[in-house]
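**Q** Before I ask anything, here is the structure I am working with.
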Amino acid sequence: AFMNELRGFKDLEQQVKQRLQLDHVVIVPGDSDELSWVKQEMGKACVRYMKGILRRDDTVAVTGGGTIAAVAEMMTPLEQAGNCLFVPARGGLGEQMENQANTICAEMAKKANGTYRLLYVPDPLSEESYQTIIEEPSIKEVLKIIRGAGVVVHGIGDATTMAERRKTPQEVIDTIQEGKAVGEAFGYYFNEEGSIVHKVRTVGIQLEDLQHTNCVIAVAGGKSKAKAISSYFNLGQSNVLITDESAAKELIKGS
Ligand code: BG6
């Protein structure tokens, strides 16, 4: 039965890979909505994948969220990838401390025996402050490193869950709901077709930057995130998906 299960996942991985047009898919057993250790298993799978691709002196940008926090939790020293530099992908996006990219980035770097640079900007930002802040020399320097990262590791969230978790103003919540947003990544909210319904104004990686990134790894699972995952991939910006069995089965429904 165990061998069947392994073989079963190979098929499932292949189907998800085709459906979402990805270079690589890893599926861990279970449903992370229901069991927290499934999230840790995705974390482990992501660390394993990162170890296979990271090279000396690479720069890795990471987003916030509980899933990427699990990747940081599972990180171990990167032997073949000494001197890797970890940076947050974007600003705090109104998240709680433990869910912020800065916090996760510092923890991941420490466990990997790498180095890190952090981003100290309030967000979301008004257009005026945004323009001033990105011209600040110390910020400018870190932003340049971030936008040039060769590897990006990010979470994907359900749109409503994310809007509620962040301190989102009511008028923005209205825009998100009226636009029928289902998914969120990097502070962008997407509808089922993958069109951008709303974008949080903050510094760091913008969706366009991902076209120049060697490897973009999405880590997201749980049946509740299936719609969010497929909406995000309609824009097709990531090469790799690390997910769980429940989300994967939901993703291939109707194919
Ligand atoms: C946030 C990221 O911090 O985490 C979002 O900025 C992402 O882009 C979210 O959608 C995912 O959170 P979680 O806790 O579901 O992994």
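Each chain in the structure tokens gets a letter, A, B and so on, in the order shown; residues start at 1 in every chain, and ligands are counted from 1 in the order they appear.
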Write out as a ChimeraX atom specification which residues come within 12 Å of region 33-37 of chain A when counting only C-alpha atoms, dropping same-chain ones fewer than 3 positions away.
**A** /A:28-30,40-44,66-67,70-71,73-74,220-226,243-247
**Q** Find the spatial neighbours of region 115-121 of chain A, counting only C-alpha atoms, within a cut-off of 8 Å - ignore same-chain residues fewer than 6 positions away - and output them as a list of chain:residue names.
**A**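 Returned residues: A:Asn83, A:Cys84, A:Leu85, A:Phe86, A:Val87, A:Pro88, A:Arg90, A:Gly91, A:Gly92, A:Asn102, A:Cys105, A:Ala106, A:Ala109, A:Ile133, A:Ile139, A:Val142, A:Val203.
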**Q** Write the residues of the preceding selection, restricted to N, CA, C and O atoms, as a short mmCIF file (atom, residue, chain, number, x, y, z; two decimals), in the first residue's frame.
**A**
data_model
loop_
_atom_site.label_atom_id
_atom_site.label_comp_id
_atom_site.auth_asym_id
_atom_site.auth_seq_id
_atom_site.Cartn_x
_atom_site.Cartn_y
_atom_site.Cartn_z
N ASN A 83 27.33 31.03 2.45
CA ASN A 83 27.26 32.44 2.07
C ASN A 83 25.99 32.86 1.35
O ASN A 83 25.99 33.88 0.68
N CYS A 84 24.92 32.09 1.48
CA CYS A 84 23.68 32.54 0.86
C CYS A 84 23.14 33.72 1.66
O CYS A 84 23.23 33.76 2.87
N LEU A 85 22.57 34.66 0.93
CA LEU A 85 22.01 35.85 1.55
C LEU A 85 20.48 35.78 1.48
O LEU A 85 19.92 35.55 0.41
N PHE A 86 19.84 35.94 2.63
CA PHE A 86 18.38 35.89 2.68
C PHE A 86 17.83 37.30 2.86
O PHE A 86 18.33 38.07 3.68
N VAL A 87 16.78 37.62 2.11
CA VAL A 87 16.14 38.93 2.21
C VAL A 87 14.62 38.75 2.20
O VAL A 87 14.11 37.78 1.65
N PRO A 88 13.89 39.68 2.82
CA PRO A 88 12.42 39.61 2.73
C PRO A 88 11.99 40.03 1.31
O PRO A 88 12.61 40.92 0.73
N ARG A 90 9.06 41.38 0.32
CA ARG A 90 8.38 42.67 0.32
C ARG A 90 8.27 43.19 1.75
O ARG A 90 8.76 42.57 2.68
N GLY A 91 7.61 44.32 1.92
CA GLY A 91 7.41 44.88 3.25
C GLY A 91 6.53 43.99 4.12
O GLY A 91 6.18 42.88 3.74
N GLY A 92 6.16 44.47 5.29
CA GLY A 92 5.43 43.65 6.26
C GLY A 92 3.99 43.34 5.88
O GLY A 92 3.41 42.38 6.38
N ASN A 102 10.30 39.72 7.32
CA ASN A 102 11.54 40.03 8.02
C ASN A 102 11.88 38.98 9.07
O ASN A 102 13.01 38.49 9.14
N CYS A 105 12.66 35.59 7.43
CA CYS A 105 13.92 35.68 6.71
C CYS A 105 15.11 35.55 7.68
O CYS A 105 16.05 34.79 7.43
N ALA A 106 15.05 36.26 8.80
CA ALA A 106 16.15 36.21 9.78
C ALA A 106 16.29 34.80 10.35
O ALA A 106 17.40 34.27 10.49
N ALA A 109 17.71 32.37 7.66
CA ALA A 109 19.13 32.63 7.44
C ALA A 109 19.98 32.04 8.56
O ALA A 109 21.01 31.39 8.31
N ILE A 133 10.43 57.07 0.18
CA ILE A 133 11.15 55.94 0.79
C ILE A 133 12.03 55.19 -0.20
O ILE A 133 13.16 54.83 0.11
N ILE A 139 17.63 52.13 1.93
CA ILE A 139 16.51 51.32 1.45
C ILE A 139 16.77 50.92 0.00
O ILE A 139 16.58 49.76 -0.40
N VAL A 142 19.08 47.87 -0.27
CA VAL A 142 18.44 46.58 0.02
C VAL A 142 17.44 46.21 -1.07
O VAL A 142 17.34 45.06 -1.49
N VAL A 203 7.05 48.37 -0.93
CA VAL A 203 8.33 48.18 -1.63
C VAL A 203 8.67 46.70 -1.74
O VAL A 203 8.05 45.86 -1.11
#
**Q** Could you list, as a PyMOL selection string, every residue within 8 Å of Gly179 (chain A), counting only C-alpha atoms and ignoring same-chain residues fewer than 4 positions away?
**A** chain A and resi 175+191+197
**Q** Keeping all heavy atoms for every residue in the selection just given, could you write it to a file as an mmCIF file, in the first residue's frame?
**A**
data_model
loop_
_atom_site.group_PDB
_atom_site.id
_atom_site.type_symbol
_atom_site.label_atom_id
_atom_site.label_comp_id
_atom_site.auth_asym_id
_atom_site.auth_seq_id
_atom_site.Cartn_x
_atom_site.Cartn_y
_atom_site.Cartn_z
ATOM 1 N N THR A 175 -13.436 46.430 -2.521
ATOM 2 C CA THR A 175 -12.859 46.252 -3.863
ATOM 3 C C THR A 175 -12.512 44.778 -4.095
ATOM 4 O O THR A 175 -12.800 44.213 -5.167
ATOM 5 C CB THR A 175 -11.529 47.055 -3.994
ATOM 6 O OG1 THR A 175 -11.768 48.388 -3.561
ATOM 7 C CG2 THR A 175 -10.998 47.052 -5.396
ATOM 8 N N ASN A 191 -8.458 37.316 -9.178
ATOM 9 C CA ASN A 191 -9.733 36.619 -9.336
ATOM 10 C C ASN A 191 -9.477 35.245 -9.970
ATOM 11 O O ASN A 191 -8.322 34.905 -10.247
ATOM 12 C CB ASN A 191 -10.737 37.454 -10.160
ATOM 13 C CG ASN A 191 -10.298 37.640 -11.609
ATOM 14 O OD1 ASN A 191 -9.395 36.950 -12.089
ATOM 15 N ND2 ASN A 191 -10.929 38.569 -12.296
ATOM 16 N N VAL A 197 -6.968 42.130 -8.993
ATOM 17 C CA VAL A 197 -8.118 42.883 -8.530
ATOM 18 C C VAL A 197 -7.659 44.043 -7.639
ATOM 19 O O VAL A 197 -8.227 45.122 -7.639
ATOM 20 C CB VAL A 197 -9.055 41.938 -7.738
ATOM 21 C CG1 VAL A 197 -10.125 42.710 -6.996
ATOM 22 C CG2 VAL A 197 -9.673 40.896 -8.656
#
**Q** Find, counting only C-alpha atoms and all ligand atoms, the residue in A:Gln14, A:Gln21, A:Thr202, A:Thr76 that gets nearest to ligand 1.
**A**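 Looking at the shortest contact to ligand 1, the residue is A:Thr202.
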**Q** Within 8 Å of ligand 1 (counting only C-alpha atoms and all ligand atoms), which residues show up? I'd like them as a list of chain:residue names.
**A**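 The residues near ligand 1 are A:Thr63, A:Gly64, A:Gly65, A:Gly66, A:Thr67, A:Ile68, A:Ala69, A:Arg90, A:Gly92, A:Leu93, A:Glu95, A:Asn99, A:Gln100, A:Ala101, A:His154, A:Gly155, A:Ile156, A:Gly157, A:Asp158, A:Ala159, A:Met162, A:Gly183, A:Glu184, A:Ala185, A:Phe186, A:Gly187, A:Tyr188, A:Val219, A:Ala220.
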**Q** Please, which residues of region 81-173 of chain A, numbered as in this document, come out helix (DSSP H, G or I) from DSSP, as a compact mmCIF listing (two decimals) with all heavy atoms, in the first residue's frame?
**A**
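The file below, result.txt, is the result:
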# COMPACT_ATOMS: atom_id res chain seq x y z
N MET A 97 3.86 40.14 13.69
CA MET A 97 5.30 39.90 13.75
C MET A 97 5.74 38.52 13.27
O MET A 97 6.60 38.38 12.40
CB MET A 97 5.73 40.10 15.21
CG MET A 97 7.18 40.00 15.43
SD MET A 97 8.01 41.40 14.64
CE MET A 97 9.62 41.18 15.31
N GLU A 98 5.15 37.45 13.83
CA GLU A 98 5.60 36.09 13.51
C GLU A 98 5.31 35.70 12.06
O GLU A 98 5.91 34.76 11.53
CB GLU A 98 5.02 35.05 14.49
CG GLU A 98 3.50 34.92 14.49
CD GLU A 98 2.80 35.97 15.37
OE1 GLU A 98 3.41 36.99 15.74
OE2 GLU A 98 1.60 35.74 15.66
N ASN A 99 4.40 36.44 11.44
CA ASN A 99 4.05 36.14 10.05
C ASN A 99 4.77 37.05 9.06
O ASN A 99 4.57 36.94 7.85
CB ASN A 99 2.54 36.32 9.84
CG ASN A 99 1.78 35.03 10.08
OD1 ASN A 99 2.32 33.94 9.89
ND2 ASN A 99 0.56 35.15 10.53
N ALA A 101 7.67 38.80 6.76
CA ALA A 101 8.80 38.31 5.97
C ALA A 101 10.14 38.56 6.67
O ALA A 101 11.02 37.70 6.67
CB ALA A 101 8.79 38.97 4.60
N ASN A 102 10.30 39.72 7.32
CA ASN A 102 11.54 40.03 8.02
C ASN A 102 11.88 38.98 9.07
O ASN A 102 13.01 38.49 9.14
CB ASN A 102 11.41 41.38 8.76
CG ASN A 102 11.91 42.56 7.95
OD1 ASN A 102 12.64 42.38 6.97
ND2 ASN A 102 11.54 43.75 8.36
N THR A 103 10.90 38.64 9.88
CA THR A 103 11.10 37.68 10.98
C THR A 103 11.49 36.32 10.43
O THR A 103 12.44 35.67 10.90
CB THR A 103 9.76 37.52 11.77
OG1 THR A 103 9.22 38.80 12.02
CG2 THR A 103 9.97 36.76 13.05
N ILE A 104 10.76 35.89 9.40
CA ILE A 104 10.97 34.57 8.80
C ILE A 104 12.32 34.50 8.10
O ILE A 104 13.06 33.52 8.21
CB ILE A 104 9.79 34.27 7.84
CG1 ILE A 104 8.52 34.10 8.68
CG2 ILE A 104 10.08 33.04 6.99
CD1 ILE A 104 7.24 34.10 7.88
N CYS A 105 12.66 35.59 7.43
CA CYS A 105 13.92 35.68 6.71
C CYS A 105 15.11 35.55 7.68
O CYS A 105 16.05 34.79 7.43
CB CYS A 105 13.95 37.02 6.00
SG CYS A 105 15.55 37.58 5.49
N ALA A 106 15.05 36.26 8.80
CA ALA A 106 16.15 36.21 9.78
C ALA A 106 16.29 34.80 10.35
O ALA A 106 17.40 34.27 10.49
CB ALA A 106 15.91 37.22 10.88
N GLU A 107 15.15 34.15 10.65
CA GLU A 107 15.21 32.81 11.23
C GLU A 107 15.77 31.80 10.22
O GLU A 107 16.61 30.97 10.54
CB GLU A 107 13.82 32.35 11.70
CG GLU A 107 13.91 31.07 12.53
CD GLU A 107 12.60 30.34 12.72
OE1 GLU A 107 11.53 30.96 12.56
OE2 GLU A 107 12.66 29.12 13.03
N MET A 108 15.29 31.93 8.98
CA MET A 108 15.74 30.99 7.94
C MET A 108 17.25 31.13 7.71
O MET A 108 17.97 30.14 7.60
CB MET A 108 14.97 31.23 6.64
CG MET A 108 14.97 30.03 5.73
SD MET A 108 14.15 30.32 4.14
CE MET A 108 12.43 30.43 4.57
N ALA A 109 17.71 32.37 7.66
CA ALA A 109 19.13 32.63 7.44
C ALA A 109 19.98 32.04 8.56
O ALA A 109 21.01 31.39 8.31
CB ALA A 109 19.37 34.13 7.35
N LYS A 110 19.54 32.22 9.79
CA LYS A 110 20.29 31.69 10.93
C LYS A 110 20.40 30.18 10.86
O LYS A 110 21.46 29.61 11.04
CB LYS A 110 19.62 32.09 12.25
CG LYS A 110 20.01 33.48 12.67
CD LYS A 110 19.60 33.72 14.10
CE LYS A 110 19.76 35.19 14.45
NZ LYS A 110 18.80 35.59 15.48
N LYS A 111 19.27 29.52 10.59
CA LYS A 111 19.28 28.06 10.55
C LYS A 111 20.07 27.53 9.38
O LYS A 111 20.62 26.43 9.43
CB LYS A 111 17.85 27.52 10.49
CG LYS A 111 17.12 27.78 11.78
CD LYS A 111 16.04 26.76 11.98
CE LYS A 111 15.50 26.87 13.39
NZ LYS A 111 14.08 26.60 13.45
N ALA A 112 20.14 28.31 8.29
CA ALA A 112 20.86 27.86 7.10
C ALA A 112 22.35 28.18 7.20
O ALA A 112 23.13 27.79 6.34
CB ALA A 112 20.27 28.54 5.87
N GLU A 127 1.12 56.93 -1.68
CA GLU A 127 1.91 57.14 -2.89
C GLU A 127 3.08 58.08 -2.62
O GLU A 127 4.21 57.85 -3.04
CB GLU A 127 0.99 57.72 -3.99
CG GLU A 127 1.67 57.94 -5.34
CD GLU A 127 2.18 56.66 -6.00
OE1 GLU A 127 1.51 55.61 -5.85
OE2 GLU A 127 3.26 56.70 -6.62
N GLU A 128 2.80 59.11 -1.82
CA GLU A 128 3.80 60.13 -1.52
C GLU A 128 4.97 59.53 -0.73
O GLU A 128 6.13 59.70 -1.11
CB GLU A 128 3.11 61.22 -0.71
CG GLU A 128 3.73 62.58 -0.85
CD GLU A 128 3.11 63.54 0.17
OE1 GLU A 128 2.04 63.21 0.75
OE2 GLU A 128 3.71 64.59 0.39
N SER A 129 4.69 58.83 0.36
CA SER A 129 5.77 58.26 1.17
C SER A 129 6.51 57.19 0.38
O SER A 129 7.72 57.04 0.50
CB SER A 129 5.26 57.61 2.45
OG SER A 129 4.08 58.17 2.87
N TYR A 130 5.76 56.44 -0.43
CA TYR A 130 6.37 55.40 -1.24
C TYR A 130 7.48 55.98 -2.11
O TYR A 130 8.60 55.49 -2.12
CB TYR A 130 5.30 54.74 -2.11
CG TYR A 130 5.81 53.69 -3.06
CD1 TYR A 130 6.04 52.39 -2.62
CD2 TYR A 130 6.05 53.99 -4.40
CE1 TYR A 130 6.52 51.43 -3.49
CE2 TYR A 130 6.51 53.03 -5.28
CZ TYR A 130 6.74 51.76 -4.83
OH TYR A 130 7.21 50.80 -5.69
N GLN A 131 7.17 57.08 -2.79
CA GLN A 131 8.15 57.71 -3.68
C GLN A 131 9.36 58.20 -2.90
O GLN A 131 10.49 58.11 -3.37
CB GLN A 131 7.51 58.88 -4.45
CG GLN A 131 6.43 58.45 -5.44
CD GLN A 131 6.90 57.41 -6.47
OE1 GLN A 131 8.10 57.25 -6.71
NE2 GLN A 131 5.96 56.68 -7.05
N THR A 132 9.15 58.74 -1.69
CA THR A 132 10.26 59.24 -0.87
C THR A 132 11.11 58.08 -0.36
O THR A 132 12.33 58.10 -0.46
CB THR A 132 9.72 60.03 0.35
OG1 THR A 132 8.65 60.85 -0.10
CG2 THR A 132 10.79 60.86 1.00
N ILE A 133 10.43 57.07 0.18
CA ILE A 133 11.15 55.94 0.79
C ILE A 133 12.03 55.19 -0.20
O ILE A 133 13.16 54.83 0.11
CB ILE A 133 10.13 55.00 1.50
CG1 ILE A 133 9.80 55.62 2.86
CG2 ILE A 133 10.69 53.59 1.67
CD1 ILE A 133 8.90 54.81 3.74
N PRO A 137 18.79 56.18 0.42
CA PRO A 137 19.93 55.34 0.01
C PRO A 137 20.00 53.95 0.65
O PRO A 137 20.20 52.96 -0.05
CB PRO A 137 21.14 56.18 0.39
CG PRO A 137 20.64 57.59 0.37
CD PRO A 137 19.20 57.54 0.77
N SER A 138 19.80 53.87 1.98
CA SER A 138 19.92 52.56 2.63
C SER A 138 18.82 51.60 2.15
O SER A 138 19.05 50.39 1.97
CB SER A 138 19.87 52.70 4.15
OG SER A 138 18.61 53.18 4.52
N ILE A 139 17.63 52.13 1.93
CA ILE A 139 16.51 51.32 1.45
C ILE A 139 16.77 50.92 0.00
O ILE A 139 16.58 49.76 -0.40
CB ILE A 139 15.17 52.11 1.53
CG1 ILE A 139 14.89 52.59 2.95
CG2 ILE A 139 14.02 51.30 0.96
CD1 ILE A 139 14.26 51.59 3.87
N LYS A 140 17.25 51.88 -0.76
CA LYS A 140 17.52 51.65 -2.17
C LYS A 140 18.47 50.48 -2.37
O LYS A 140 18.27 49.63 -3.24
CB LYS A 140 18.15 52.92 -2.76
CG LYS A 140 17.62 53.28 -4.11
CD LYS A 140 18.21 54.58 -4.59
CE LYS A 140 17.83 54.77 -6.04
NZ LYS A 140 18.17 56.09 -6.53
N GLU A 141 19.48 50.43 -1.51
CA GLU A 141 20.48 49.37 -1.60
C GLU A 141 19.86 47.99 -1.36
O GLU A 141 20.06 47.06 -2.14
CB GLU A 141 21.59 49.65 -0.57
CG GLU A 141 22.81 48.78 -0.76
CD GLU A 141 23.56 48.54 0.54
OE1 GLU A 141 23.42 49.36 1.47
OE2 GLU A 141 24.26 47.52 0.60
N VAL A 142 19.08 47.87 -0.27
CA VAL A 142 18.44 46.58 0.02
C VAL A 142 17.44 46.21 -1.07
O VAL A 142 17.34 45.06 -1.49
CB VAL A 142 17.74 46.59 1.41
CG1 VAL A 142 17.13 45.23 1.71
CG2 VAL A 142 18.72 46.96 2.50
N LEU A 143 16.71 47.21 -1.56
CA LEU A 143 15.71 46.93 -2.60
C LEU A 143 16.35 46.37 -3.87
O LEU A 143 15.79 45.50 -4.53
CB LEU A 143 14.91 48.18 -2.94
CG LEU A 143 13.86 48.59 -1.91
CD1 LEU A 143 13.15 49.86 -2.34
CD2 LEU A 143 12.85 47.46 -1.71
N LYS A 144 17.53 46.87 -4.15
CA LYS A 144 18.24 46.41 -5.34
C LYS A 144 18.59 44.92 -5.18
O LYS A 144 18.43 44.12 -6.10
CB LYS A 144 19.50 47.25 -5.54
CG LYS A 144 20.00 47.20 -6.95
CD LYS A 144 21.10 48.20 -7.19
CE LYS A 144 21.86 47.76 -8.44
NZ LYS A 144 23.29 48.07 -8.31
N ILE A 145 19.06 44.58 -3.98
CA ILE A 145 19.40 43.17 -3.69
C ILE A 145 18.15 42.30 -3.81
O ILE A 145 18.16 41.24 -4.42
CB ILE A 145 20.01 43.03 -2.27
CG1 ILE A 145 21.27 43.90 -2.14
CG2 ILE A 145 20.29 41.57 -1.94
CD1 ILE A 145 21.85 43.94 -0.74
N ILE A 146 17.06 42.79 -3.21
CA ILE A 146 15.80 42.02 -3.22
C ILE A 146 15.30 41.78 -4.64
O ILE A 146 14.99 40.65 -5.03
CB ILE A 146 14.71 42.75 -2.40
CG1 ILE A 146 15.09 42.76 -0.91
CG2 ILE A 146 13.34 42.11 -2.62
CD1 ILE A 146 14.15 43.56 -0.03
N ARG A 147 15.26 42.85 -5.42
CA ARG A 147 14.69 42.70 -6.76
C ARG A 147 15.59 41.91 -7.69
O ARG A 147 15.15 41.43 -8.74
CB ARG A 147 14.32 44.07 -7.33
CG ARG A 147 13.23 44.72 -6.47
CD ARG A 147 12.73 46.01 -7.04
NE ARG A 147 11.82 45.80 -8.18
CZ ARG A 147 11.11 46.79 -8.72
NH1 ARG A 147 11.21 48.01 -8.24
NH2 ARG A 147 10.33 46.54 -9.74
N ALA A 159 -7.89 34.86 -0.65
CA ALA A 159 -8.03 36.32 -0.68
C ALA A 159 -8.72 36.89 0.57
O ALA A 159 -8.20 37.80 1.21
CB ALA A 159 -8.77 36.75 -1.94
N THR A 160 -9.88 36.36 0.91
CA THR A 160 -10.62 36.89 2.05
C THR A 160 -9.86 36.69 3.35
O THR A 160 -9.78 37.60 4.18
CB THR A 160 -12.02 36.23 2.13
OG1 THR A 160 -12.61 36.33 0.84
CG2 THR A 160 -12.89 36.90 3.15
N THR A 161 -9.29 35.50 3.52
CA THR A 161 -8.51 35.22 4.73
C THR A 161 -7.38 36.24 4.88
O THR A 161 -7.16 36.79 5.96
CB THR A 161 -7.89 33.80 4.65
OG1 THR A 161 -8.92 32.88 4.32
CG2 THR A 161 -7.20 33.40 5.94
N MET A 162 -6.68 36.51 3.79
CA MET A 162 -5.56 37.43 3.85
C MET A 162 -6.01 38.86 4.11
O MET A 162 -5.41 39.58 4.90
CB MET A 162 -4.73 37.37 2.57
CG MET A 162 -3.95 36.08 2.40
SD MET A 162 -3.04 35.61 3.89
CE MET A 162 -1.93 37.00 4.04
N ALA A 163 -7.08 39.28 3.43
CA ALA A 163 -7.58 40.65 3.62
C ALA A 163 -7.98 40.85 5.08
O ALA A 163 -7.73 41.90 5.67
CB ALA A 163 -8.74 40.92 2.69
N GLU A 164 -8.58 39.83 5.67
CA GLU A 164 -9.01 39.96 7.06
C GLU A 164 -7.84 39.91 8.02
O GLU A 164 -7.83 40.60 9.04
CB GLU A 164 -10.03 38.87 7.40
CG GLU A 164 -11.40 39.23 6.87
CD GLU A 164 -12.40 38.09 6.93
OE1 GLU A 164 -12.06 37.00 7.45
OE2 GLU A 164 -13.53 38.29 6.45
N ARG A 165 -6.84 39.08 7.69
CA ARG A 165 -5.69 38.93 8.59
C ARG A 165 -4.85 40.21 8.64
O ARG A 165 -4.28 40.55 9.65
CB ARG A 165 -4.84 37.75 8.11
CG ARG A 165 -3.86 37.24 9.14
CD ARG A 165 -3.36 35.88 8.77
NE ARG A 165 -2.13 35.96 7.98
CZ ARG A 165 -1.56 34.91 7.39
NH1 ARG A 165 -2.10 33.72 7.50
NH2 ARG A 165 -0.45 35.05 6.70
N GLN A 170 -11.84 49.00 5.08
CA GLN A 170 -13.11 48.50 4.54
C GLN A 170 -13.28 48.75 3.05
O GLN A 170 -13.73 47.86 2.32
CB GLN A 170 -14.30 49.09 5.32
CG GLN A 170 -15.64 48.46 4.99
CD GLN A 170 -15.66 46.92 5.17
OE1 GLN A 170 -15.19 46.39 6.19
NE2 GLN A 170 -16.17 46.20 4.17
N GLU A 171 -12.85 49.93 2.57
CA GLU A 171 -13.07 50.21 1.14
C GLU A 171 -12.24 49.25 0.27
O GLU A 171 -12.65 48.88 -0.83
CB GLU A 171 -12.84 51.68 0.78
CG GLU A 171 -11.41 52.18 0.88
CD GLU A 171 -11.07 52.83 2.23
OE1 GLU A 171 -11.74 52.50 3.24
OE2 GLU A 171 -10.14 53.66 2.26
N VAL A 172 -11.08 48.84 0.79
CA VAL A 172 -10.25 47.89 0.04
C VAL A 172 -10.88 46.49 0.08
O VAL A 172 -10.93 45.78 -0.92
CB VAL A 172 -8.79 47.86 0.58
CG1 VAL A 172 -7.97 46.81 -0.15
CG2 VAL A 172 -8.14 49.23 0.44
N ILE A 173 -11.40 46.13 1.25
CA ILE A 173 -12.11 44.84 1.37
C ILE A 173 -13.26 44.81 0.34
O ILE A 173 -13.47 43.80 -0.33
CB ILE A 173 -12.66 44.61 2.80
CG1 ILE A 173 -11.47 44.58 3.79
CG2 ILE A 173 -13.54 43.35 2.87
CD1 ILE A 173 -11.59 43.68 4.97
**Q** Considering only C-alpha atoms, state which residue in the set A:Arg55, A:Lys167, A:Lys199, A:His24 is at the smallest distance from Ala81 (chain A).
**A**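 Result for the nearest residue to Ala81 (chain A): A:Arg55.
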**Q** I need the residue nearest Val26 (chain A) from this list: A:Ile196, A:Val152, A:Ile229, A:Ala45. Use only C-alpha atoms for the distance.
**A**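 Between A:Ile196, A:Val152, A:Ile229, A:Ala45, the residue approaching Val26 (chain A) most closely is A:Ala45.
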**Q** My list of candidates is A:Thr213, A:Tyr189, A:His198, A:Lys249. Which is closest to Ala228 (chain A) when distances are computed with only C-alpha atoms?
**A**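 Nearest candidate to Ala228 (chain A) out of A:Thr213, A:Tyr189, A:His198, A:Lys249: A:Tyr189.
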**Q** Between A:Val151, A:Ala181, A:Val38, A:Leu78, which one has atoms that come closest to Lys51 (chain A), using only C-alpha atoms?
**A**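 Nearest to Lys51 (chain A): A:Leu78.
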**Q** For a quick check of understanding, using only C-alpha atoms, which of A:Leu251, A:Glu13, A:Ile134, A:Ala61 has the smallest distance to Phe233 (chain A)?
**A**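 Nearest to Phe233 (chain A): A:Leu251.
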